[in-house]
Amino acid sequence: MTTTTVFFAALFYVATAILVLGLARKIYQYASTPAPLKIPTTPAPTTKTGVVLRMAREVILFESLFKSNKWIWLFGWLFHVGLAVVLFRHLRYFQYPVWDIVSLELVQAAGKYASFAMVAGLIGLWARRFLVDRVRYITTLSDHLILLLLIGIGITGMSMTFVSHTDIVGLKAFMLGLMRFEINPLPEDPLLMAHLALVATLMIVFPISKLLHAPGVFFSPTRNQVDDPREHRHLAPWAAELEK
Amino acid sequence: MAASTFETPKLLNDTATLPIPPIKPGAMQGVQSFIAGDKIQEQLGYPGELLPNWKERAIERMGELLQKYRGLQVFLDACVHCGACTDKCHYYLGTADPNNMPVARQELLRKVYRRYFTFAGKYFPKLVGAIDLTEEVLDQWYSYFYQCSECRRCSVYCPYGIDTAEITMAAREIMDSVGRGQKYSNEILGKLHRIGNNLGLPGPALEDTLAGLEEDILADTGVPVRLPIDQKGAEVLLVTPSADFFSEPHVESLIGYAKVFHAAGISWTLSSTASEAGNFGLFIGSYENMRKAALRIREAALELGVKRVVVGECGHAWRVAYSFWNTLTGVGAGAEDPFGKMLQQQLDHRYKQPSHICEVTWDLIQKGAIKLDKSANDHRIVTFHDSCNVARASRMGDIPGGQFIIPREIIKACCNHFYDMAPETIYEGTYCCGGGGGLLTDDLMEVRVKGALPRMQALKQVVDEKKVNFMATICAICKAQFTKVLPYYGFPMSMVGGVHQLVSTAIQLGTNE
Ligand code: SF4
Ligand code: SF4
C-alpha cells in the first residue's frame, strides 16, 4: 500500500462526505425555507404537470438561456451535455457488472468524443469572461478558477483517453474497492492522479460555491411555482401567524 | 435636484432596439432619491434615522429574511455570473452604468451575503468577491437599489429565474430596518395607511370629484352614468389607483370603467376607505406593510357586502391583487381557514376573485352585453405597452399569457388601427416604462428618462412606420411616467392613455337598457 493510494483513498472519502453532506444541508435549507408569496415569472404554467414540463425544459434545454443569449446558451449547453455524456460513460469504472447500456460501443464512443464538446464549451465560456466587457466586469477570481478546474479535469481525462492510456483495470479495482471500504492500489500515473485530485477538489467546492445552481434551479420559486394564486390560498406558516 | 443636468439619449432611425452600450463604471452612482425623514419612517414602523449599530442590525435583518424567503436564499446562492442578464435591464441600456446590470445589482447585496453567511466568503473573501458591510456599500445600495423598477425582465432571461426584483426588495427592507428609507415610497405608503389612498385624498374630496365627473359625462353624452361610492349591497367593489381620480389621462379610464358598468347594468361602488389599488408595500419588500395596506380592501369588501372585487388599470396593483391578495387578505378562492373563508363565502365564485377590469370588459364584449363603435376611435392609431407587473407577475383569464391577449382583444374591439411594437419589446420581454417600483419621483428624473430609452426606441419605430399616435397601457405609473418622459424624446405627452380610455370613446351607452 503506497502513500499515494492511501492519500487518494482518504481524499475521496473526505470529498464524498463533503459533497453529500454539504448538498444535503443546502437542499434541506432550500426545502424547509418557506416561499411566502406566489412569484412565478409569468406567463407560467397553471398546473403541476405544466411546472414539471417547464422545469424539464429549463434543465435539459436551458430554455430561458436560449431566449436570452445564443452564445452563452451554445457554450453552456455544449459543456453541460458533454459533461453528462462523459459522466455516463464513467459509470463503468464504478459498476460490476457494468450495465448493458453503459458498455454499449456507442455510449463509450460518444462518451469519449463528448469530452471535446465539454472542453470547447468551457473555453467558449471562459473567452467571454475576457472578451465581453460586461461579463469581465462581473467575473470574480473564483469564476476563473472553477473554469480552470473544469478544463483541467477535461484535459487530463482526454489525455488518458487519446494520448497516453492509463491502467483502467487498476483504476477500476481502486474505485470498486473504495465503494466496498477496501483499499486497492491506485495505478501511479501522474495524469490519473492529477485528474482525480482535480475531481476531488470540484466535489469539495461544490456545496460552497456557485455550483449550487444545480440544486438551486429546482427550488427557484419563479420557475417552480404553479400560477394559481386566485384559485388556492397560499400561506406560509410565519405569515399565517400574522392572522392570529 | 435640477432636472436639466443630464442629456437625453438619442434615438436611432429604422430600428426597434439600440446597440448594447459599453460599460461606464460609476455613471449613476451619484443619482439618489431623497432619503426619508424620521416622521415618514416611523409611520411604517422603521427607525427614524440611521441606527448607531446599523451594520449589526442590517446583517441580522438579512439573516431573518434569508429564513423567511426561499427565493432570496436560492437567488443569492445560484448565480453563476454567466452574464445572460447583463443586457436585459432598461436602466443598464439607458445609463451604461454596470451596476445597473441585473447581476451586478444583485452582487451589491450578494457580496455582503457571502461575507457574513457563507464559508467561502468568511474564509476566502477575495477569491469570491465577498466584502464587509461599510458606509460606502450602504451608499451604493441606496443608489442602485433605487435604480431598479422591480420589473422582473431579468428574471425572464436568467437560466435559474433569478429575480433581481426580489433582491432589490430585500435590500430596501434591510435599509428601511436600519433607518435608511426612501422619501417617495415611504411617504406615499404612510398616506395610504393614514388616509386610504396614495394621494391622501379624504372621503369628501373624493365625493366631490366623482360628482364632478358624473356631470361631465352627462354633459358629454347625455346619459346619467354614475360613479357611486360606499354603496352597501353593490355587486362590485372597484378598487383603482387613486391617480384615476385626478390625473390625466388616468381619469379617462375611470370614466371608461363607469360607462362599462353602466352599459352592462352592473351595480358597483368605490370605497372611501379603500380608495387605492396601489400598494407600495410591494416596492419596499415589506410583507407587513403590504399586508396592512391590502387589509383595507378586505375590510371594505366585507363591510359593503359586495359579491365581486374588481381592480382598475394599475400594474403593480394588479400583481398584488392577482398574486398576493388571496395570501394576504383572502380575496380569492380555495381557502380552508376561518380567516380566508369569512370573505370567500360572501364572494360570487362564478367570477374570478379578484378580477381585472379588462377581464370584466372582455367578458361583457364577448357576451354582447356592451356595444362598441370602432369608428369612434378612427383618429387614433394605437399600439399597446405591456406593463411589467401585468406581463411578468400576473395573468388574466384562464390561459397563461391571457394578460397579453385580453387587453389587445379589447383594443381591437374598440379601434380599427392597432399595431404591436417589435416582438422582442412586448409580451414577457416588454421594457419597463422606466418609472415603476418606487422611482416615479422628480428626484430620479435622470434615471427615469434614461430608463425609458428602450421603450422609446421601440415606440419610435411604430410611430415612423405605422404613424402610431396613441400608446395604450393599463398602469397608472406607466401613464404618469410616459406623460413626463415622452416630451424628452420629442413625442407629445398626450400620446399615452388607458385601454379603457379607448373603451370610453367607443362604447355605445343606452343601447342595452
Ligand atoms: S428587475 Fe427590472 S429594473 Fe430591476 S434589475 Fe431586473 S431588469 Fe433591471
Ligand atoms: S442570468 Fe442569472 S445566473 Fe446569469 S449572471 Fe444573470 S443572474 Fe446570474
# chains A, B, ... in the order shown; residues from 1 in each chain; ligands from 1
$ residues_around --residues "His262 of chain B" --least-positions-apart "3" --cutoff "8 Å" --atoms "only C-alpha atoms" --output "number ranges by chain"
B: 225-226, 258-259, 265-267, 509
$ write_last_selection --atoms "N, CA, C and O atoms" --output "PDB file, in the first residue's frame"
ATOM      1  N   VAL B 225     -74.505  58.577 -16.270  1.00  0.00           N
ATOM      2  CA  VAL B 225     -73.640  57.496 -15.786  1.00  0.00           C
ATOM      3  C   VAL B 225     -73.202  57.835 -14.371  1.00  0.00           C
ATOM      4  O   VAL B 225     -72.751  58.945 -14.116  1.00  0.00           O
ATOM      5  N   ARG B 226     -73.323  56.895 -13.462  1.00  0.00           N
ATOM      6  CA  ARG B 226     -72.994  57.190 -12.066  1.00  0.00           C
ATOM      7  C   ARG B 226     -71.614  56.671 -11.667  1.00  0.00           C
ATOM      8  O   ARG B 226     -71.093  55.707 -12.249  1.00  0.00           O
ATOM      9  N   ALA B 258     -66.709  53.284 -15.583  1.00  0.00           N
ATOM     10  CA  ALA B 258     -68.078  53.643 -15.177  1.00  0.00           C
ATOM     11  C   ALA B 258     -69.058  53.387 -16.325  1.00  0.00           C
ATOM     12  O   ALA B 258     -70.151  52.863 -16.114  1.00  0.00           O
ATOM     13  N   LYS B 259     -68.624  53.724 -17.537  1.00  0.00           N
ATOM     14  CA  LYS B 259     -69.511  53.510 -18.685  1.00  0.00           C
ATOM     15  C   LYS B 259     -69.746  52.018 -18.925  1.00  0.00           C
ATOM     16  O   LYS B 259     -70.858  51.611 -19.278  1.00  0.00           O
ATOM     17  N   GLY B 265     -75.251  47.274 -17.009  1.00  0.00           N
ATOM     18  CA  GLY B 265     -76.227  47.198 -15.922  1.00  0.00           C
ATOM     19  C   GLY B 265     -75.715  46.485 -14.685  1.00  0.00           C
ATOM     20  O   GLY B 265     -76.464  45.794 -13.998  1.00  0.00           O
ATOM     21  N   ILE B 266     -74.433  46.657 -14.376  1.00  0.00           N
ATOM     22  CA  ILE B 266     -73.863  46.026 -13.171  1.00  0.00           C
ATOM     23  C   ILE B 266     -73.801  47.074 -12.061  1.00  0.00           C
ATOM     24  O   ILE B 266     -73.277  48.166 -12.281  1.00  0.00           O
ATOM     25  N   SER B 267     -74.321  46.748 -10.893  1.00  0.00           N
ATOM     26  CA  SER B 267     -74.229  47.715  -9.799  1.00  0.00           C
ATOM     27  C   SER B 267     -72.827  47.636  -9.195  1.00  0.00           C
ATOM     28  O   SER B 267     -72.283  46.557  -8.986  1.00  0.00           O
ATOM     29  N   LEU B 509     -73.598  53.939 -25.204  1.00  0.00           N
ATOM     30  CA  LEU B 509     -74.382  53.954 -23.963  1.00  0.00           C
ATOM     31  C   LEU B 509     -75.857  53.895 -24.304  1.00  0.00           C
ATOM     32  O   LEU B 509     -76.299  54.393 -25.332  1.00  0.00           O
TER      33      LEU B 509
END
$ residues_near_ligand --ligand "ligand 2" --cutoff "10 Å" --atoms "only C-alpha atoms and all ligand atoms" --output "PyMOL selection string"
(chain A and resi 64-65+68-69+72+135+138-139+210+213) or (chain B and resi 75-88+101-107+154-164)
$ select_by_dssp --residues "segment 306-477 of chain B" --states "strand (DSSP E)" --output "MDAnalysis selection string"
chainID B and resid 308:311 355:356 382:384 470:473
$ write_last_selection --atoms "N, CA, C and O atoms" --output "PDB file, in the first residue's frame"
ATOM      1  N   ARG B 308     -68.233  40.819  -5.749  1.00  0.00           N
ATOM      2  CA  ARG B 308     -67.061  40.737  -6.622  1.00  0.00           C
ATOM      3  C   ARG B 308     -66.116  41.895  -6.289  1.00  0.00           C
ATOM      4  O   ARG B 308     -66.570  42.987  -5.969  1.00  0.00           O
ATOM      5  N   VAL B 309     -64.808  41.631  -6.413  1.00  0.00           N
ATOM      6  CA  VAL B 309     -63.826  42.701  -6.272  1.00  0.00           C
ATOM      7  C   VAL B 309     -63.101  42.842  -7.603  1.00  0.00           C
ATOM      8  O   VAL B 309     -62.583  41.855  -8.145  1.00  0.00           O
ATOM      9  N   VAL B 310     -63.100  44.056  -8.149  1.00  0.00           N
ATOM     10  CA  VAL B 310     -62.519  44.308  -9.462  1.00  0.00           C
ATOM     11  C   VAL B 310     -61.442  45.375  -9.327  1.00  0.00           C
ATOM     12  O   VAL B 310     -61.597  46.331  -8.559  1.00  0.00           O
ATOM     13  N   VAL B 311     -60.354  45.185 -10.056  1.00  0.00           N
ATOM     14  CA  VAL B 311     -59.218  46.103  -9.948  1.00  0.00           C
ATOM     15  C   VAL B 311     -59.047  46.901 -11.234  1.00  0.00           C
ATOM     16  O   VAL B 311     -59.113  46.340 -12.332  1.00  0.00           O
ATOM     17  N   SER B 355     -61.006  40.181 -10.035  1.00  0.00           N
ATOM     18  CA  SER B 355     -60.933  40.273 -11.493  1.00  0.00           C
ATOM     19  C   SER B 355     -60.275  41.580 -11.890  1.00  0.00           C
ATOM     20  O   SER B 355     -60.404  42.590 -11.189  1.00  0.00           O
ATOM     21  N   HIS B 356     -59.605  41.547 -13.020  1.00  0.00           N
ATOM     22  CA  HIS B 356     -59.085  42.783 -13.599  1.00  0.00           C
ATOM     23  C   HIS B 356     -60.205  43.424 -14.409  1.00  0.00           C
ATOM     24  O   HIS B 356     -61.020  42.714 -15.003  1.00  0.00           O
ATOM     25  N   VAL B 382     -53.154  52.990 -32.813  1.00  0.00           N
ATOM     26  CA  VAL B 382     -52.863  52.574 -31.438  1.00  0.00           C
ATOM     27  C   VAL B 382     -51.789  51.495 -31.383  1.00  0.00           C
ATOM     28  O   VAL B 382     -51.733  50.615 -32.240  1.00  0.00           O
ATOM     29  N   THR B 383     -50.937  51.600 -30.367  1.00  0.00           N
ATOM     30  CA  THR B 383     -50.068  50.490 -30.002  1.00  0.00           C
ATOM     31  C   THR B 383     -50.294  50.209 -28.526  1.00  0.00           C
ATOM     32  O   THR B 383     -50.947  50.987 -27.837  1.00  0.00           O
ATOM     33  N   PHE B 384     -49.775  49.066 -28.035  1.00  0.00           N
ATOM     34  CA  PHE B 384     -50.006  48.704 -26.638  1.00  0.00           C
ATOM     35  C   PHE B 384     -48.685  48.440 -25.937  1.00  0.00           C
ATOM     36  O   PHE B 384     -47.848  47.688 -26.427  1.00  0.00           O
ATOM     37  N   PHE B 470     -51.013  56.837 -30.523  1.00  0.00           N
ATOM     38  CA  PHE B 470     -51.576  56.571 -29.201  1.00  0.00           C
ATOM     39  C   PHE B 470     -50.981  55.293 -28.648  1.00  0.00           C
ATOM     40  O   PHE B 470     -51.040  54.252 -29.299  1.00  0.00           O
ATOM     41  N   MET B 471     -50.369  55.400 -27.465  1.00  0.00           N
ATOM     42  CA  MET B 471     -49.817  54.210 -26.810  1.00  0.00           C
ATOM     43  C   MET B 471     -50.696  53.884 -25.607  1.00  0.00           C
ATOM     44  O   MET B 471     -50.692  54.611 -24.614  1.00  0.00           O
ATOM     45  N   ALA B 472     -51.465  52.810 -25.740  1.00  0.00           N
ATOM     46  CA  ALA B 472     -52.358  52.424 -24.650  1.00  0.00           C
ATOM     47  C   ALA B 472     -51.600  51.591 -23.635  1.00  0.00           C
ATOM     48  O   ALA B 472     -50.679  50.858 -23.979  1.00  0.00           O
ATOM     49  N   THR B 473     -52.006  51.728 -22.372  1.00  0.00           N
ATOM     50  CA  THR B 473     -51.372  50.951 -21.322  1.00  0.00           C
ATOM     51  C   THR B 473     -52.370  50.775 -20.194  1.00  0.00           C
ATOM     52  O   THR B 473     -53.377  51.485 -20.140  1.00  0.00           O
TER      53      THR B 473
END
$ atom_distance --atom1 "atom CA of Pro207 of chain A" --atom2 "atom CA of Ala120 of chain B"
10.1 Å
$ residues_around --residues "Leu211 of chain A" --least-positions-apart "6" --cutoff "12 Å" --atoms "only C-alpha atoms" --output "number ranges by chain"
A: 19, 22-23, 26, 142-143, 146-147, 150, 202-205, 217; B: 74, 77-81
$ closest_residue --among "B:His90, B:Lys191, B:His500, B:Arg152" --to "chain A" --atoms "only C-alpha atoms"
B:Arg152
$ closest_residue --among "A:Thr2, A:Thr41, A:Arg230, A:Met160" --to "ligand 1" --atoms "only C-alpha atoms and all ligand atoms"
A:Thr41
